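Shown below: target33.pdb, with PDB, C-alpha atoms.
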```pdb
ATOM      1  CA  MET A  23      28.553  18.193 -24.699
ATOM      2  CA  LEU A  24      27.312  16.128 -27.642
ATOM      3  CA  TYR A  25      23.918  15.717 -26.006
ATOM      4  CA  VAL A  26      23.731  19.489 -25.473
ATOM      5  CA  LEU A  27      24.492  20.055 -29.156
ATOM      6  CA  ALA A  28      21.925  17.414 -30.117
ATOM      7  CA  MET A  29      19.354  19.112 -27.895
ATOM      8  CA  ILE A  30      20.073  22.450 -29.583
ATOM      9  CA  ALA A  31      19.694  20.822 -33.004
ATOM     10  CA  HIS A  32      16.326  19.334 -32.064
ATOM     11  CA  ALA A  33      15.239  22.688 -30.618
ATOM     12  CA  VAL A  34      16.101  24.262 -33.988
ATOM     13  CA  GLU A  35      14.101  21.488 -35.652
ATOM     14  CA  TRP A  36      11.045  22.389 -33.595
ATOM     15  CA  SER A  37      11.519  26.128 -34.043
ATOM     16  CA  ALA A  38      11.958  25.873 -37.805
ATOM     17  CA  GLY A  39       8.835  23.726 -37.992
ATOM     18  CA  ARG A  40       6.834  26.300 -36.071
ATOM     19  CA  MET A  41       7.896  29.148 -38.331
ATOM     20  CA  VAL A  42       6.245  27.465 -41.309
ATOM     21  CA  ALA A  43       2.462  27.539 -41.291
ATOM     22  CA  LEU A  44       1.401  24.105 -42.436
ATOM     23  CA  PRO A  45      -1.665  24.063 -44.686
ATOM     24  CA  LEU A  46      -4.687  22.876 -42.779
ATOM     25  CA  VAL A  47      -7.255  20.642 -44.378
ATOM     26  CA  THR A  48     -10.887  20.480 -43.396
ATOM     27  CA  SER A  49     -12.828  17.441 -42.403
ATOM     28  CA  THR A  50     -15.162  16.052 -45.070
ATOM     29  CA  ARG A  51     -17.602  14.403 -42.694
ATOM     30  CA  VAL A  52     -21.225  14.897 -43.663
ATOM     31  CA  ALA A  53     -24.481  14.219 -41.934
ATOM     32  CA  GLY A  54     -25.422  11.460 -44.372
ATOM     33  CA  PRO A  55     -27.870   8.826 -43.131
ATOM     34  CA  ARG A  56     -28.296  10.391 -39.694
ATOM     35  CA  LEU A  57     -29.548  13.684 -41.134
ATOM     36  CA  ALA A  58     -31.754  11.912 -43.654
ATOM     37  CA  ALA A  59     -33.309   9.802 -40.928
ATOM     38  CA  ALA A  60     -33.943  12.862 -38.808
ATOM     39  CA  THR A  61     -35.752  14.639 -41.646
ATOM     40  CA  THR A  62     -37.773  11.703 -43.011
ATOM     41  CA  THR A  63     -38.903   9.992 -39.827
ATOM     42  CA  ARG A  64     -39.796  13.089 -37.855
ATOM     43  CA  GLY A  65     -42.360  15.496 -39.236
ATOM     44  CA  THR A  66     -42.891  17.296 -35.991
ATOM     45  CA  SER A  67     -41.277  20.518 -34.864
ATOM     46  CA  THR A  68     -39.092  18.498 -32.481
ATOM     47  CA  GLY A  69     -37.684  16.559 -35.409
ATOM     48  CA  ALA A  70     -37.023  19.748 -37.321
ATOM     49  CA  MET A  71     -35.232  21.297 -34.361
ATOM     50  CA  THR A  72     -33.147  18.142 -33.923
ATOM     51  CA  SER A  73     -32.171  18.119 -37.583
ATOM     52  CA  ARG A  74     -31.241  21.804 -37.452
ATOM     53  CA  ARG A  75     -29.059  21.242 -34.393
ATOM     54  CA  PHE A  76     -27.377  18.272 -36.047
ATOM     55  CA  THR A  77     -26.846  20.275 -39.243
ATOM     56  CA  ALA A  78     -25.127  23.025 -37.245
ATOM     57  CA  ARG A  79     -22.882  20.504 -35.491
ATOM     58  CA  SER A  80     -22.043  18.836 -38.794
ATOM     59  CA  ALA A  81     -21.191  22.160 -40.411
ATOM     60  CA  ALA A  82     -18.896  23.046 -37.516
ATOM     61  CA  ALA A  83     -17.190  19.659 -37.680
ATOM     62  CA  SER A  84     -16.744  19.862 -41.443
ATOM     63  CA  THR A  85     -14.934  23.196 -41.220
ATOM     64  CA  ALA A  86     -12.770  22.379 -38.183
ATOM     65  CA  PRO A  87      -9.067  22.655 -39.035
ATOM     66  CA  VAL A  88      -7.304  19.311 -39.096
ATOM     67  CA  CYS A  89      -3.580  18.767 -39.577
ATOM     68  CA  PRO A  90      -2.824  16.880 -42.772
ATOM     69  CA  SER A  91      -1.413  13.452 -42.086
ATOM     70  CA  PRO A  92       2.200  12.891 -43.145
ATOM     71  CA  THR A  93       1.294   9.323 -44.080
ATOM     72  CA  SER A  94      -1.688  10.254 -46.246
ATOM     73  CA  PRO A  95      -1.485  13.896 -47.313
ATOM     74  CA  SER A  96      -4.111  15.329 -49.569
ATOM     75  CA  PRO A  97      -3.036  15.993 -53.168
ATOM     76  CA  THR A  98      -3.603  19.726 -52.793
ATOM     77  CA  SER A  99      -2.048  20.205 -49.339
ATOM     78  CA  PRO A 100       1.033  18.050 -48.761
ATOM     79  CA  VAL A 101       2.792  18.256 -45.433
ATOM     80  CA  PRO A 102       5.876  20.401 -45.988
ATOM     81  CA  VAL A 103       8.996  19.694 -43.990
ATOM     82  CA  PRO A 104      11.192  22.814 -43.947
ATOM     83  CA  ARG A 105      14.707  22.088 -45.104
ATOM     84  CA  VAL A 106      16.160  23.699 -41.994
ATOM     85  CA  SER A 107      13.955  21.518 -39.784
ATOM     86  CA  ALA A 108      14.840  18.326 -41.654
ATOM     87  CA  ALA A 109      18.560  19.128 -41.598
ATOM     88  CA  ALA A 110      18.436  19.933 -37.871
ATOM     89  CA  ALA A 111      16.667  16.626 -37.208
ATOM     90  CA  ARG A 112      19.411  14.706 -39.030
ATOM     91  CA  VAL A 113      22.141  16.593 -37.199
ATOM     92  CA  GLY A 114      20.434  16.013 -33.863
ATOM     93  CA  LEU A 115      20.086  12.282 -34.492
ATOM     94  CA  THR A 116      23.715  11.978 -35.622
ATOM     95  CA  LEU A 117      24.979  13.805 -32.540
ATOM     96  CA  THR A 118      22.759  11.633 -30.349
ATOM     97  CA  VAL A 119      24.256   8.469 -31.839
ATOM     98  CA  LEU A 120      27.776   9.794 -31.246
ATOM     99  CA  GLY A 121      26.902  10.821 -27.703
ATOM    100  CA  PHE A 122      25.425   7.394 -27.020
ATOM    101  CA  ALA A 123      28.561   5.660 -28.295
ATOM    102  CA  LEU A 124      30.823   7.791 -26.095
ATOM    103  CA  ASP A 125      28.510   7.446 -23.100
ATOM    104  CA  LEU A 126      28.403   3.673 -23.479
ATOM    105  CA  GLY A 127      32.185   3.590 -23.809
ATOM    106  CA  GLY A 128      32.536   5.652 -20.653
ATOM    107  CA  VAL A 129      30.322   3.264 -18.674
ATOM    108  CA  VAL A 130      32.284   0.241 -19.920
ATOM    109  CA  LEU A 131      35.646   1.869 -19.117
ATOM    110  CA  ARG A 132      34.405   2.845 -15.656
ATOM    111  CA  GLY A 133      33.509  -0.776 -15.011
ATOM    112  CA  LEU A 134      36.900  -1.972 -16.251
ATOM    113  CA  ALA A 135      38.696   0.563 -14.080
ATOM    114  CA  ALA A 136      36.707  -0.469 -11.010
ATOM    115  CA  GLN A 137      36.826  -4.182 -11.942
ATOM    116  CA  ARG A 138      33.136  -4.532 -11.128
ATOM    117  CA  ALA A 139      29.742  -3.622 -12.527
ATOM    118  CA  PRO A 140      29.634   0.205 -12.848
ATOM    119  CA  TRP A 141      26.547   0.697 -10.648
ATOM    120  CA  GLY A 142      28.059   1.354  -7.238
ATOM    121  CA  ASN A 143      27.135   5.013  -6.679
ATOM    122  CA  MET A 144      24.940   7.826  -7.973
ATOM    123  CA  LEU A 145      27.375   8.794 -10.725
ATOM    124  CA  GLU A 146      27.494   5.280 -12.132
ATOM    125  CA  PHE A 147      23.777   4.590 -11.839
ATOM    126  CA  LEU A 148      22.861   7.879 -13.491
ATOM    127  CA  THR A 149      25.227   7.451 -16.447
ATOM    128  CA  ALA A 150      24.059   3.859 -16.948
ATOM    129  CA  ALA A 151      20.412   4.975 -16.848
ATOM    130  CA  MET A 152      21.093   7.667 -19.455
ATOM    131  CA  VAL A 153      22.749   5.080 -21.706
ATOM    132  CA  LEU A 154      19.596   2.974 -21.567
ATOM    133  CA  VAL A 155      17.290   5.965 -22.104
ATOM    134  CA  VAL A 156      19.177   7.088 -25.203
ATOM    135  CA  GLY A 157      19.725   3.533 -26.424
ATOM    136  CA  GLY A 158      16.030   2.748 -26.106
ATOM    137  CA  TYR A 159      15.176   5.934 -27.965
ATOM    138  CA  LEU A 160      17.552   5.101 -30.830
ATOM    139  CA  VAL A 161      16.082   1.609 -31.159
ATOM    140  CA  LEU A 162      12.570   3.057 -31.277
ATOM    141  CA  VAL A 163      13.623   5.627 -33.883
ATOM    142  CA  ARG A 164      14.910   2.794 -36.035
ATOM    143  CA  ARG A 165      12.017   0.371 -35.526
ATOM    144  CA  ALA A 166       8.998   2.589 -34.846
ATOM    145  CA  GLY A 167       9.904   6.033 -36.170
ATOM    146  CA  LEU A 168       9.785   7.772 -32.778
ATOM    147  CA  GLY A 169      12.039  10.615 -33.847
ATOM    148  CA  TRP A 170       9.634  13.075 -32.202
ATOM    149  CA  LEU A 171      11.134  12.050 -28.831
ATOM    150  CA  GLY A 172      14.482  13.575 -29.790
ATOM    151  CA  LEU A 173      14.160  16.881 -27.930
ATOM    152  CA  PRO A 174      12.975  15.540 -24.537
ATOM    153  CA  VAL A 175      15.403  12.595 -24.642
ATOM    154  CA  THR A 176      18.458  14.726 -25.413
ATOM    155  CA  LEU A 177      17.372  17.276 -22.801
ATOM    156  CA  LEU A 178      17.129  14.506 -20.203
ATOM    157  CA  ALA A 179      20.480  12.996 -21.269
ATOM    158  CA  ALA A 180      22.217  16.378 -21.131
ATOM    159  CA  LEU A 181      20.863  17.104 -17.644
ATOM    160  CA  GLY A 182      21.579  13.595 -16.341
ATOM    161  CA  ASN A 183      25.135  13.411 -17.589
ATOM    162  CA  GLY A 184      25.808  17.002 -16.569
ATOM    163  CA  LEU A 185      24.760  16.251 -12.986
ATOM    164  CA  ALA A 186      26.719  13.001 -13.032
ATOM    165  CA  VAL A 187      30.055  14.573 -13.929
ATOM    166  CA  THR A 188      29.657  17.669 -11.746
ATOM    167  CA  VAL A 189      27.493  17.224  -8.662
ATOM    168  CA  PHE A 190      27.742  13.429  -8.274
ATOM    169  CA  TYR A 191      31.268  12.762  -9.457
ATOM    170  CA  VAL A 192      33.376  10.476  -7.258
ATOM    171  CA  ALA A 193      36.626   8.664  -7.980
ATOM    172  CA  VAL A 194      36.668   4.957  -8.773
ATOM    173  CA  ALA A 195      36.521   2.940  -5.574
ATOM    174  CA  PRO A 196      35.728  -0.656  -4.532
ATOM    175  CA  LEU A 197      32.244  -1.562  -3.351
ATOM    176  CA  VAL A 198      31.395  -1.559   0.319
ATOM    177  CA  PRO A 199      30.847  -5.057   1.796
ATOM    178  CA  ALA A 200      27.037  -4.697   1.770
ATOM    179  CA  LEU A 201      27.072  -4.538  -2.032
ATOM    180  CA  HIS A 202      28.978  -7.771  -2.620
ATOM    181  CA  SER A 203      25.959  -9.796  -3.651
ATOM    182  CA  VAL A 204      24.526 -11.035  -6.917
ATOM    183  CA  TRP A 205      21.168  -9.650  -5.758
ATOM    184  CA  PHE A 206      22.675  -6.183  -5.771
ATOM    185  CA  LEU A 207      23.492  -6.578  -9.473
ATOM    186  CA  ILE A 208      19.999  -7.891 -10.212
ATOM    187  CA  HIS A 209      18.393  -5.102  -8.191
ATOM    188  CA  ILE A 210      20.351  -2.293  -9.862
ATOM    189  CA  ALA A 211      19.938  -3.762 -13.359
ATOM    190  CA  GLY A 212      16.167  -3.826 -12.904
ATOM    191  CA  ALA A 213      16.157  -0.297 -11.485
ATOM    192  CA  THR A 214      18.208   1.028 -14.413
ATOM    193  CA  VAL A 215      15.934  -0.449 -17.090
ATOM    194  CA  SER A 216      12.848   0.706 -15.171
ATOM    195  CA  ALA A 217      14.280   4.221 -14.922
ATOM    196  CA  ALA A 218      14.773   4.362 -18.689
ATOM    197  CA  ALA A 219      11.216   3.209 -19.449
ATOM    198  CA  PHE A 220       9.607   5.440 -16.795
ATOM    199  CA  ASN A 221      11.424   8.477 -18.188
ATOM    200  CA  LEU A 222      10.429   7.704 -21.769
ATOM    201  CA  GLY A 223       6.847   7.324 -20.570
ATOM    202  CA  ALA A 224       6.957  10.652 -18.743
ATOM    203  CA  ALA A 225       8.479  12.441 -21.754
ATOM    204  CA  THR A 226       5.712  11.031 -23.957
ATOM    205  CA  SER A 227       3.103  12.137 -21.415
ATOM    206  CA  VAL A 228       4.439  15.709 -21.534
ATOM    207  CA  LEU A 229       4.225  15.694 -25.341
ATOM    208  CA  TYR A 230       0.712  14.254 -25.041
ATOM    209  CA  LEU A 231      -0.416  17.174 -22.883
ATOM    210  CA  ILE A 232       1.076  19.671 -25.353
ATOM    211  CA  ARG A 233      -0.577  18.015 -28.348
ATOM    212  CA  ARG A 234      -3.882  17.552 -26.510
ATOM    213  CA  ASN A 235      -4.086  21.215 -25.573
ATOM    214  CA  ALA A 236      -3.335  22.213 -29.152
ATOM    215  CA  GLU A 237      -6.032  19.882 -30.474
ATOM    216  CA  ARG A 238      -8.600  21.220 -28.020
ATOM    217  CA  ARG A 239      -7.849  24.791 -29.121
ATOM    218  CA  GLY A 240      -7.867  23.820 -32.791
ATOM    219  CA  GLN A 241      -4.305  25.122 -33.159
ATOM    220  CA  VAL A 242      -2.373  22.033 -34.194
ATOM    221  CA  GLN A 243       0.142  23.474 -36.601
ATOM    222  CA  GLY A 244       3.832  23.757 -37.242
ATOM    223  CA  HIS A 245       5.971  21.019 -35.725
ATOM    224  CA  LEU A 246       3.052  19.696 -33.662
ATOM    225  CA  CYS A 247       1.603  18.337 -36.900
ATOM    226  CA  ARG A 248       4.571  15.982 -37.078
ATOM    227  CA  LEU A 249       3.780  14.487 -33.677
ATOM    228  CA  PRO A 250       1.380  11.566 -33.422
ATOM    229  CA  THR A 251      -2.147  12.430 -32.391
ATOM    230  CA  ALA A 252      -2.890  12.871 -28.699
ATOM    231  CA  ALA A 253      -4.593   9.464 -28.610
ATOM    232  CA  GLN A 254      -1.529   7.785 -30.122
ATOM    233  CA  LEU A 255       0.814   9.542 -27.680
ATOM    234  CA  ASP A 256      -1.380   8.345 -24.827
ATOM    235  CA  VAL A 257      -1.006   4.762 -26.053
ATOM    236  CA  TRP A 258       2.787   5.095 -26.316
ATOM    237  CA  ALA A 259       3.008   6.497 -22.790
ATOM    238  CA  TYR A 260       0.962   3.567 -21.522
ATOM    239  CA  ARG A 261       3.225   1.078 -23.297
ATOM    240  CA  PHE A 262       6.364   2.531 -21.710
ATOM    241  CA  ASN A 263       4.888   2.539 -18.203
ATOM    242  CA  ALA A 264       3.264  -0.876 -18.565
ATOM    243  CA  PHE A 265       6.648  -2.268 -19.612
ATOM    244  CA  ALA A 266       8.452  -0.604 -16.692
ATOM    245  CA  PHE A 267       6.029  -1.488 -13.888
ATOM    246  CA  PRO A 268       6.675  -5.270 -13.739
ATOM    247  CA  LEU A 269      10.422  -4.561 -13.840
ATOM    248  CA  TRP A 270      10.078  -2.092 -10.987
ATOM    249  CA  THR A 271       8.065  -4.665  -9.022
ATOM    250  CA  PHE A 272      10.858  -7.165  -9.544
ATOM    251  CA  THR A 273      13.415  -4.502  -8.583
ATOM    252  CA  VAL A 274      11.709  -3.862  -5.251
ATOM    253  CA  ALA A 275      11.435  -7.600  -4.575
ATOM    254  CA  ALA A 276      15.095  -8.198  -5.490
ATOM    255  CA  GLY A 277      16.054  -5.317  -3.212
ATOM    256  CA  ALA A 278      14.236  -6.991  -0.345
ATOM    257  CA  VAL A 279      16.160 -10.230  -0.922
ATOM    258  CA  TRP A 280      19.407  -8.263  -1.074
ATOM    259  CA  ALA A 281      18.490  -6.446   2.175
ATOM    260  CA  GLU A 282      17.998  -9.778   3.926
ATOM    261  CA  TYR A 283      21.458 -10.854   2.754
ATOM    262  CA  ALA A 284      23.138  -7.547   3.693
ATOM    263  CA  TRP A 285      21.296  -6.478   6.846
ATOM    264  CA  GLY A 286      19.410  -9.559   8.020
ATOM    265  CA  ARG A 287      15.862  -8.340   7.239
ATOM    266  CA  TYR A 288      13.730  -8.101   4.124
ATOM    267  CA  TRP A 289      12.106  -4.764   4.893
ATOM    268  CA  GLY A 290      12.968  -2.091   7.421
ATOM    269  CA  TRP A 291      11.209   1.084   6.216
ATOM    270  CA  ASP A 292      14.506   2.719   5.358
ATOM    271  CA  PRO A 293      13.779   6.029   3.526
ATOM    272  CA  LYS A 294      14.939   4.609   0.198
ATOM    273  CA  GLU A 295      12.778   1.513   0.646
ATOM    274  CA  THR A 296       9.773   3.593   1.647
ATOM    275  CA  TRP A 297       9.966   5.891  -1.366
ATOM    276  CA  ALA A 298      10.573   2.944  -3.688
ATOM    277  CA  LEU A 299       7.263   1.589  -2.400
ATOM    278  CA  VAL A 300       5.602   4.987  -2.903
ATOM    279  CA  THR A 301       6.821   4.967  -6.516
ATOM    280  CA  TRP A 302       5.422   1.464  -6.970
ATOM    281  CA  VAL A 303       2.044   2.519  -5.548
ATOM    282  CA  ILE A 304       1.799   5.521  -7.889
ATOM    283  CA  TYR A 305       2.415   3.451 -10.989
ATOM    284  CA  ALA A 306       0.110   0.721  -9.710
ATOM    285  CA  CYS A 307      -2.595   3.386  -9.395
ATOM    286  CA  TYR A 308      -1.770   4.554 -12.931
ATOM    287  CA  LEU A 309      -2.299   1.105 -14.439
ATOM    288  CA  HIS A 310      -5.282   0.266 -12.217
ATOM    289  CA  ALA A 311      -7.060   3.535 -13.027
ATOM    290  CA  ARG A 312      -6.583   3.001 -16.762
ATOM    291  CA  ALA A 313      -7.870  -0.563 -16.572
ATOM    292  CA  THR A 314     -10.891  -0.016 -14.308
ATOM    293  CA  ALA A 315     -11.911   3.639 -14.066
ATOM    294  CA  GLY A 316     -11.057   4.557 -17.650
ATOM    295  CA  TRP A 317      -8.530   7.190 -16.544
ATOM    296  CA  ARG A 318      -6.884   7.779 -19.850
ATOM    297  CA  GLY A 319      -5.558  10.924 -21.390
ATOM    298  CA  ARG A 320      -4.899  13.926 -19.181
ATOM    299  CA  ASN A 321      -5.422  12.257 -15.780
ATOM    300  CA  ALA A 322      -3.189   9.323 -16.655
ATOM    301  CA  ALA A 323      -0.501  11.648 -18.039
ATOM    302  CA  ILE A 324      -0.444  13.658 -14.812
ATOM    303  CA  ILE A 325      -0.081  10.478 -12.722
ATOM    304  CA  ALA A 326       2.805   9.311 -14.942
ATOM    305  CA  ILE A 327       4.611  12.643 -14.569
ATOM    306  CA  VAL A 328       4.098  12.608 -10.789
ATOM    307  CA  GLY A 329       5.405   9.042 -10.723
ATOM    308  CA  VAL A 330       8.660   9.883 -12.481
ATOM    309  CA  ALA A 331       9.119  12.944 -10.250
ATOM    310  CA  VAL A 332       8.803  10.712  -7.173
ATOM    311  CA  PHE A 333      11.199   8.229  -8.772
ATOM    312  CA  TRP A 334      13.887  10.912  -9.155
ATOM    313  CA  PHE A 335      13.224  12.286  -5.682
ATOM    314  CA  ASN A 336      13.823   8.790  -4.357
ATOM    315  CA  PHE A 337      17.097   8.542  -6.243
ATOM    316  CA  ILE A 338      18.494  12.056  -5.790
ATOM    317  CA  GLY A 339      16.566  13.723  -2.974
ATOM    318  CA  ILE A 340      16.705  10.832  -0.506
ATOM    319  CA  ASN A 341      20.423  10.273  -1.115
ATOM    320  CA  LEU A 342      21.256  13.929  -0.574
ATOM    321  CA  LEU A 343      18.779  14.937   2.137
ATOM    322  CA  VAL A 344      18.224  11.848   4.282
ATOM    323  CA  THR A 345      20.639   9.536   6.069
ATOM    324  CA  GLY A 346      19.860   5.830   5.915
ATOM    325  CA  LEU A 347      21.244   2.414   5.104
ATOM    326  CA  HIS A 348      21.375   3.368   1.418
ATOM    327  CA  SER A 349      23.756   6.260   2.081
ATOM    328  CA  TYR A 350      26.778   4.017   1.527
ATOM    329  CA  ALA A 351      27.465   5.424  -1.931
ATOM    330  CA  GLY A 352      27.415   9.093  -0.998
ATOM    331  CA  VAL A 353      27.485  11.306  -4.071
TER     332      VAL A 353
END
```
Could I get this structure in the form of structure tokens?
Amino acid sequence: MLYVLAMIAHAVEWSAGRMVALPLVTSTRVAGPRLAAATTTRGTSTGAMTSRRFTARSAAASTAPVCPSPTSPSPTSPVPVPRVSAAAARVGLTLTVLGFALDLGGVVLRGLAAQRAPWGNMLEFLTAAMVLVVGGYLVLVRRAGLGWLGLPVTLLAALGNGLAVTVFYVAVAPLVPALHSVWFLIHIAGATVSAAAFNLGAATSVLYLIRRNAERRGQVQGHLCRLPTAAQLDVWAYRFNAFAFPLWTFTVAAGAVWAEYAWGRYWGWDPKETWALVTWVIYACYLHARATAGWRGRNAAIIAIVGVAVFWFNFIGINLLVTGLHSYAGV
């Protein structure tokens, strides 16, 4: 419930920011040396046409609306933060901290009640993943000022915990024999941290697409002005996914070692194993395309969103729709 209230507070923050039309400043770029060179070194009609075209482009660029930067506002057009928006942001962050504390306490108490690590079924994995998502967000708010992730993070936490306590709820029970292995703990720990980072990366990619579309239309105003630029959001999304991918690689490898201990083979193309590999391939393509083909921006954001969708299908869809060796936990 606290995450739902925090989500509502952040939604109010966004809405209040949109209702206030932020003053737009105009770019002060001028033609400068390029225009002078075009006019002095070319006396022909071609040179004149080139200079006229450049002058038109420069005039358009100089009058294009640009959001004022919160870190360096102009003296005549400071970035206003509506009082309602600022108050809603503080309320949302406070509720998120309280929700995180209660969520963390619930995970710890579940582990104490079961007398084992609380990662034995879908309920426990999902609540643990949400703790890491929200905890990572709060650390980044403190250290890097990523408060703009508040709405997507609280939305994800509200949905995740809501599903955990309704659809996936099961009573405390001991682990099945196949899970009595230290490799199980290593495998699930890696999967939980990877899930948190992948979801933060996907949330940032969604915000990137929103900001990018606004920038392309020249309509960056309201609360969007308080987001980083599209290029900065793209970098943050890459950082989250680049952090998660090695952990996911290790998770898949640790799962193979655990499978050899539990079932006597490293890989058997069980549905869960297959879709874990599909998830790995998608994020490998994401990083490879950025490094070699220059797939940044929109294309990379779409791959990241597809990757997290496949990740959740592997966790939820496979467990509910397909019977396999990983069906031991039920729901």
Applying 10 Å and all atoms listed in the file, which residues near stretch 121-127 of chain A remain after dropping the ones on its own chain fewer than 5 positions away? List them as a PDB file with C-alpha atoms, keeping the file's coordinate frame.
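The new file around05.pdb reads:
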```
ATOM      1  CA  MET A  23      28.553  18.193 -24.699  1.00  0.00           C
ATOM      2  CA  LEU A  24      27.312  16.128 -27.642  1.00  0.00           C
ATOM      3  CA  TYR A  25      23.918  15.717 -26.006  1.00  0.00           C
ATOM      4  CA  VAL A  26      23.731  19.489 -25.473  1.00  0.00           C
ATOM      5  CA  LEU A  27      24.492  20.055 -29.156  1.00  0.00           C
ATOM      6  CA  ALA A  28      21.925  17.414 -30.117  1.00  0.00           C
ATOM      7  CA  LEU A 115      20.086  12.282 -34.492  1.00  0.00           C
ATOM      8  CA  THR A 116      23.715  11.978 -35.622  1.00  0.00           C
ATOM      9  CA  ARG A 132      34.405   2.845 -15.656  1.00  0.00           C
ATOM     10  CA  GLY A 133      33.509  -0.776 -15.011  1.00  0.00           C
ATOM     11  CA  THR A 149      25.227   7.451 -16.447  1.00  0.00           C
ATOM     12  CA  ALA A 150      24.059   3.859 -16.948  1.00  0.00           C
ATOM     13  CA  MET A 152      21.093   7.667 -19.455  1.00  0.00           C
ATOM     14  CA  VAL A 153      22.749   5.080 -21.706  1.00  0.00           C
ATOM     15  CA  LEU A 154      19.596   2.974 -21.567  1.00  0.00           C
ATOM     16  CA  VAL A 155      17.290   5.965 -22.104  1.00  0.00           C
ATOM     17  CA  VAL A 156      19.177   7.088 -25.203  1.00  0.00           C
ATOM     18  CA  GLY A 157      19.725   3.533 -26.424  1.00  0.00           C
ATOM     19  CA  LEU A 160      17.552   5.101 -30.830  1.00  0.00           C
ATOM     20  CA  THR A 176      18.458  14.726 -25.413  1.00  0.00           C
ATOM     21  CA  ALA A 179      20.480  12.996 -21.269  1.00  0.00           C
ATOM     22  CA  ALA A 180      22.217  16.378 -21.131  1.00  0.00           C
ATOM     23  CA  ASN A 183      25.135  13.411 -17.589  1.00  0.00           C
TER      24      ASN A 183
END
```
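The space between atom CA of A:Ala217 and atom CA of A:Trp36 spans 26.3 Å.
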Exercise. Exactly which residues make up the result of the PyMOL selection byres ((chain A and resi 211-214) around 10) on this file, given as a PyMOL selection string?
Worked result: chain A and resi 139+141+147-155+205-210+215-220+266+268-274+276-277
Any chance you can output those residues with C-alpha atoms as a short mmCIF file (atom, residue, chain, number, x, y, z; two decimals), in the frame of the given file?
```
data_model
loop_
_atom_site.label_atom_id
_atom_site.label_comp_id
_atom_site.auth_asym_id
_atom_site.auth_seq_id
_atom_site.Cartn_x
_atom_site.Cartn_y
_atom_site.Cartn_z
CA ALA A 139 29.74 -3.62 -12.53
CA TRP A 141 26.55 0.70 -10.65
CA PHE A 147 23.78 4.59 -11.84
CA LEU A 148 22.86 7.88 -13.49
CA THR A 149 25.23 7.45 -16.45
CA ALA A 150 24.06 3.86 -16.95
CA ALA A 151 20.41 4.97 -16.85
CA MET A 152 21.09 7.67 -19.45
CA VAL A 153 22.75 5.08 -21.71
CA LEU A 154 19.60 2.97 -21.57
CA VAL A 155 17.29 5.96 -22.10
CA TRP A 205 21.17 -9.65 -5.76
CA PHE A 206 22.68 -6.18 -5.77
CA LEU A 207 23.49 -6.58 -9.47
CA ILE A 208 20.00 -7.89 -10.21
CA HIS A 209 18.39 -5.10 -8.19
CA ILE A 210 20.35 -2.29 -9.86
CA VAL A 215 15.93 -0.45 -17.09
CA SER A 216 12.85 0.71 -15.17
CA ALA A 217 14.28 4.22 -14.92
CA ALA A 218 14.77 4.36 -18.69
CA ALA A 219 11.22 3.21 -19.45
CA PHE A 220 9.61 5.44 -16.80
CA ALA A 266 8.45 -0.60 -16.69
CA PRO A 268 6.68 -5.27 -13.74
CA LEU A 269 10.42 -4.56 -13.84
CA TRP A 270 10.08 -2.09 -10.99
CA THR A 271 8.06 -4.66 -9.02
CA PHE A 272 10.86 -7.16 -9.54
CA THR A 273 13.42 -4.50 -8.58
CA VAL A 274 11.71 -3.86 -5.25
CA ALA A 276 15.10 -8.20 -5.49
CA GLY A 277 16.05 -5.32 -3.21
#
```
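Near A:Leu222, within 9 Å and counting all atoms listed in the file, sit Val155, Gly158, Tyr159, Leu171, Pro174, Val175, Ala217, Ala218, Ala219, Phe220, Ala224, Ala225, Thr226, Ser227, Ala259, Phe262 and Asn263 of chain A; same-chain residues fewer than 2 positions away were not included.
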Please produce a file of those selected residues containing C-alpha atoms, as a PDB file, in the frame of the given file.
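Below you can see result.pdb, which holds the result:
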```pdb
ATOM      1  CA  VAL A 155      17.290   5.965 -22.104  1.00  0.00           C
ATOM      2  CA  GLY A 158      16.030   2.748 -26.106  1.00  0.00           C
ATOM      3  CA  TYR A 159      15.176   5.934 -27.965  1.00  0.00           C
ATOM      4  CA  LEU A 171      11.134  12.050 -28.831  1.00  0.00           C
ATOM      5  CA  PRO A 174      12.975  15.540 -24.537  1.00  0.00           C
ATOM      6  CA  VAL A 175      15.403  12.595 -24.642  1.00  0.00           C
ATOM      7  CA  ALA A 217      14.280   4.221 -14.922  1.00  0.00           C
ATOM      8  CA  ALA A 218      14.773   4.362 -18.689  1.00  0.00           C
ATOM      9  CA  ALA A 219      11.216   3.209 -19.449  1.00  0.00           C
ATOM     10  CA  PHE A 220       9.607   5.440 -16.795  1.00  0.00           C
ATOM     11  CA  ALA A 224       6.957  10.652 -18.743  1.00  0.00           C
ATOM     12  CA  ALA A 225       8.479  12.441 -21.754  1.00  0.00           C
ATOM     13  CA  THR A 226       5.712  11.031 -23.957  1.00  0.00           C
ATOM     14  CA  SER A 227       3.103  12.137 -21.415  1.00  0.00           C
ATOM     15  CA  ALA A 259       3.008   6.497 -22.790  1.00  0.00           C
ATOM     16  CA  PHE A 262       6.364   2.531 -21.710  1.00  0.00           C
ATOM     17  CA  ASN A 263       4.888   2.539 -18.203  1.00  0.00           C
TER      18      ASN A 263
END
```
For this session: Within 9 Å of A:Gly142, counting only C-alpha atoms, which residues show up once you throw out same-chain ones fewer than 6 positions away? Write them as an MDAnalysis selection string, please.
Result: chainID A and resid 195:198 201 210 351
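Between A:Val300 and the residues A:Val332, A:Val344, A:Ala281, A:Ala323, the shortest atom-to-atom distance, using only C-alpha atoms, involves A:Val332.
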Exercise. How many Å lie between atom CA of A:Ala200 and atom CA of A:Val129, rounded to one decimal?
Worked result: 22.2 Å
Problem set entry | Atomic separation - atom CA of A:Asn235 relative to atom CA of A:Pro250, Å | 13.6 Å
